[in-house]
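Below is one structure, written out as structure tokens, with a few remarks after it.
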Amino acid sequence: MSANPLQPAAVTTPSSAFASAAPARDGHRWRMLSPALVILIGGMVLPMLIMAVVSVSVSGDYGGVVWGKFSPHGYIKFLYERDFDDQMVFNADYLRIFQRSILLSLFTTAGCLLIGFPTALYIALQPEKRRNTLLMLVSVPFWTNQLVRVYAWMLLLRDGGLIDSARGLFGFHGSLGILYSDTAVAIGLLYSFVPFMVLPIYTTLEKMDWKLVEAAFDLGANRWLALRRVVVPLAMPGIVSGCVLVFVPALGAYIVPDLLGGGKSLMIGNLIQLQFGSQHDWPFGAALSFTLLTLVLLALFYNSMRARRVVRGGRV
């Protein structure tokens, strides 16, 4: 029997072919992502969940925690402590450490930006062969262990060190007394994180269309006006990335304040290490870790909301 000529033949459209192939592509995508997901869950999510449980657990008599017994004491201890009359009183010592950490991190971020942006701009304006050499020089600190670099700064900043000896040659006498102070910690942090600011800004400037700067000059702008109205706005994604890459690790820095601060300039990372180490107060250390994590997430959330407002306002 012949087919009805008025009945349309079944046609396989491209959309239906893509729809039938979508589940296969999704399954292949998940198989490809599964190793990274396993590492992410096993290396970050599960430890964070364990630390969350530890932060609300009861501390053991000789360290560790008593599993199955829960208490908010780790978070309460951040602001309150018991006096000799067993009364809860406000304690601002830990807040001062957090304040010092935030101020030093902000100073480090601002200092790295003041140094890193001109450096990245200079490198981006050089010929390609020279650019590679300059980038290699910027990345040289990564070739050496951070502990070795911090010890080198200790030799430079200590009383009677290289800086004091150089000052003596020019007639300046007396030591600076920089080592084991907030100033020494700020210098160490600034030195450690400058490359984290230079590289993201350079990456943004390298991809920038420099014809826009030439157009600004043709329209009567001078160098400073072109820098402020053209270069800086176009480099803003790299600047924001660099600030995040500097501020977040500087806030949790441990080696630099421990060695250059000498126990006199504690930061959050040192305080957390003390709780897990000599103090044997794991719940309090875990609570401090989550408090630090909250500060970082709030900073990132504020930056994200600010970027959305700028885009919606049409300023970028």
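Letters A, B, ... go to the chains of the structure tokens in the order shown; residues in each chain start at 1; ligands are counted from 1 in the same order.
The protein and nucleic acid residues lying at most 12 Å from Val138 (chain A) are Ile115, Gly116, Thr119, Ala120, Ile123, Arg131, Asn132, Thr133, Trp143, Tyr191, Ser192, Phe193, Val194, Pro195, Phe196, Met197, Val198, Leu199 and Tyr202 of chain A, with only C-alpha atoms considered and sequence neighbours fewer than 5 positions away removed.
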Store the residues picked out above in a file with C-alpha atoms, as a PDB file, in the first residue's frame.
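The file below, result.pdb, is the result:
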```pdb
ATOM      1  CA  ILE A 115      53.806  49.908  43.232  1.00  0.00           C
ATOM      2  CA  GLY A 116      52.177  47.327  41.008  1.00  0.00           C
ATOM      3  CA  THR A 119      55.197  48.600  37.143  1.00  0.00           C
ATOM      4  CA  ALA A 120      52.595  46.731  35.106  1.00  0.00           C
ATOM      5  CA  ILE A 123      56.058  46.517  31.327  1.00  0.00           C
ATOM      6  CA  ARG A 131      58.457  42.425  28.369  1.00  0.00           C
ATOM      7  CA  ASN A 132      59.300  38.757  28.835  1.00  0.00           C
ATOM      8  CA  THR A 133      62.537  39.651  30.617  1.00  0.00           C
ATOM      9  CA  TRP A 143      61.566  30.846  42.702  1.00  0.00           C
ATOM     10  CA  TYR A 191      57.397  42.574  49.450  1.00  0.00           C
ATOM     11  CA  SER A 192      55.693  39.162  49.429  1.00  0.00           C
ATOM     12  CA  PHE A 193      52.530  40.183  47.568  1.00  0.00           C
ATOM     13  CA  VAL A 194      53.642  42.786  45.007  1.00  0.00           C
ATOM     14  CA  PRO A 195      53.873  40.159  42.196  1.00  0.00           C
ATOM     15  CA  PHE A 196      50.250  39.170  42.882  1.00  0.00           C
ATOM     16  CA  MET A 197      49.269  42.736  41.973  1.00  0.00           C
ATOM     17  CA  VAL A 198      51.567  43.244  38.992  1.00  0.00           C
ATOM     18  CA  LEU A 199      50.648  40.130  37.012  1.00  0.00           C
ATOM     19  CA  TYR A 202      49.693  43.504  33.288  1.00  0.00           C
TER      20      TYR A 202
END
```
Can you tell me which residues surround Glu206 (chain A) at a distance of at most 12 Å, considering only C-alpha atoms, apart from same-chain residues fewer than 3 positions away, and format the answer as a ChimeraX atom specification?
/A:120-128,131,198-203,209-210,231,234-235,238
For the strand (DSSP E or B) assignment from backbone DSSP, which residues of region 43-288 of chain A qualify? Please present them as number ranges by chain.
A: 57-59, 61, 63, 65-70, 80-82, 88-90
Output N, CA and C atoms of each residue in that selection to a file, as a PDB file, in the first residue's frame.
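Wrote it out as result_19.pdb, contents follow:
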```pdb
ATOM      1  N   SER A  57      31.977  22.418  69.116  1.00  0.00           N
ATOM      2  CA  SER A  57      32.149  21.274  70.006  1.00  0.00           C
ATOM      3  C   SER A  57      32.783  21.723  71.320  1.00  0.00           C
ATOM      4  N   VAL A  58      32.782  20.820  72.292  1.00  0.00           N
ATOM      5  CA  VAL A  58      33.377  21.077  73.598  1.00  0.00           C
ATOM      6  C   VAL A  58      34.845  20.685  73.550  1.00  0.00           C
ATOM      7  N   SER A  59      35.711  21.550  74.059  1.00  0.00           N
ATOM      8  CA  SER A  59      37.142  21.290  74.067  1.00  0.00           C
ATOM      9  C   SER A  59      37.486  20.182  75.048  1.00  0.00           C
ATOM     10  N   ASP A  61      40.020  17.999  77.658  1.00  0.00           N
ATOM     11  CA  ASP A  61      40.875  18.429  78.767  1.00  0.00           C
ATOM     12  C   ASP A  61      42.325  18.571  78.351  1.00  0.00           C
ATOM     13  N   GLY A  63      43.406  18.869  74.977  1.00  0.00           N
ATOM     14  CA  GLY A  63      43.413  19.193  73.568  1.00  0.00           C
ATOM     15  C   GLY A  63      42.360  18.409  72.806  1.00  0.00           C
ATOM     16  N   VAL A  65      38.803  17.693  70.820  1.00  0.00           N
ATOM     17  CA  VAL A  65      37.410  17.997  71.131  1.00  0.00           C
ATOM     18  C   VAL A  65      36.734  16.742  71.670  1.00  0.00           C
ATOM     19  N   VAL A  66      35.643  16.953  72.353  1.00  0.00           N
ATOM     20  CA  VAL A  66      34.796  15.854  72.818  1.00  0.00           C
ATOM     21  C   VAL A  66      33.676  15.696  71.799  1.00  0.00           C
ATOM     22  N   TRP A  67      33.777  14.690  70.965  1.00  0.00           N
ATOM     23  CA  TRP A  67      32.807  14.512  69.895  1.00  0.00           C
ATOM     24  C   TRP A  67      31.437  14.170  70.466  1.00  0.00           C
ATOM     25  N   GLY A  68      30.416  14.795  69.922  1.00  0.00           N
ATOM     26  CA  GLY A  68      29.050  14.556  70.368  1.00  0.00           C
ATOM     27  C   GLY A  68      28.561  15.557  71.390  1.00  0.00           C
ATOM     28  N   LYS A  69      29.449  16.363  71.972  1.00  0.00           N
ATOM     29  CA  LYS A  69      29.048  17.403  72.912  1.00  0.00           C
ATOM     30  C   LYS A  69      29.272  18.762  72.248  1.00  0.00           C
ATOM     31  N   PHE A  70      28.249  19.588  72.227  1.00  0.00           N
ATOM     32  CA  PHE A  70      28.299  20.833  71.482  1.00  0.00           C
ATOM     33  C   PHE A  70      28.111  22.024  72.413  1.00  0.00           C
ATOM     34  N   TYR A  80      33.991  37.546  74.795  1.00  0.00           N
ATOM     35  CA  TYR A  80      33.794  37.545  76.247  1.00  0.00           C
ATOM     36  C   TYR A  80      34.701  36.517  76.910  1.00  0.00           C
ATOM     37  N   GLU A  81      35.036  36.789  78.164  1.00  0.00           N
ATOM     38  CA  GLU A  81      35.798  35.856  78.973  1.00  0.00           C
ATOM     39  C   GLU A  81      35.291  35.929  80.412  1.00  0.00           C
ATOM     40  N   ARG A  82      35.637  34.925  81.188  1.00  0.00           N
ATOM     41  CA  ARG A  82      35.199  34.880  82.580  1.00  0.00           C
ATOM     42  C   ARG A  82      36.268  35.489  83.478  1.00  0.00           C
ATOM     43  N   MET A  88      30.872  36.832  83.059  1.00  0.00           N
ATOM     44  CA  MET A  88      31.236  37.082  81.667  1.00  0.00           C
ATOM     45  C   MET A  88      31.495  38.574  81.468  1.00  0.00           C
ATOM     46  N   VAL A  89      32.703  38.916  81.035  1.00  0.00           N
ATOM     47  CA  VAL A  89      33.073  40.306  80.797  1.00  0.00           C
ATOM     48  C   VAL A  89      33.586  40.437  79.361  1.00  0.00           C
ATOM     49  N   PHE A  90      33.396  41.634  78.824  1.00  0.00           N
ATOM     50  CA  PHE A  90      33.819  41.896  77.453  1.00  0.00           C
ATOM     51  C   PHE A  90      35.340  41.938  77.352  1.00  0.00           C
TER      52      PHE A  90
END
```
Among A:Val45, A:Ala110, A:Ile102, A:Val213, Ile268 (chain A) is approached most closely, using only C-alpha atoms, by A:Ile102
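Atom pair CA of Ile272 (chain A) / CA of Leu288 (chain A) has a distance of 6.4 Å (rounded to one decimal).
Of the residues under consideration (A:Leu162, A:Val246, A:Leu190, A:Leu274), A:Leu274 shows the shortest atom-to-atom contact distance to Ala286 (chain A) when counting only C-alpha atoms.
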Identify all residues of region 261-290 of chain A in helix (DSSP H, G or I) (DSSP on the backbone) and supply them as a VMD selection string.
chain A and resid 268 to 276 282 to 290
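The coordinates place CA of Trp282 (chain A) at 7.0 Å from CA of Val54 (chain A).
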Between CA of Gly74 (chain A) and CA of Ser105 (chain A), what is the distance in Å, rounded to a tenth?
24.8 Å
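Residues within 12 Å of Gly160 (chain A), counting only C-alpha atoms and excluding same-chain residues fewer than 3 positions away, are Met154, Leu155, Leu156, Leu157, Ile163, Asp164, Ser165, Ala166, Arg167, Gly168, His173, Gly174, Ser175, Leu176, Gly177, Ile178 and Leu179 of chain A.
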Calculated over only C-alpha atoms, which of the candidates A:Leu189, A:Ala299, A:Val240, A:Leu245 has the smallest distance to Asp258 (chain A)?
A:Leu189
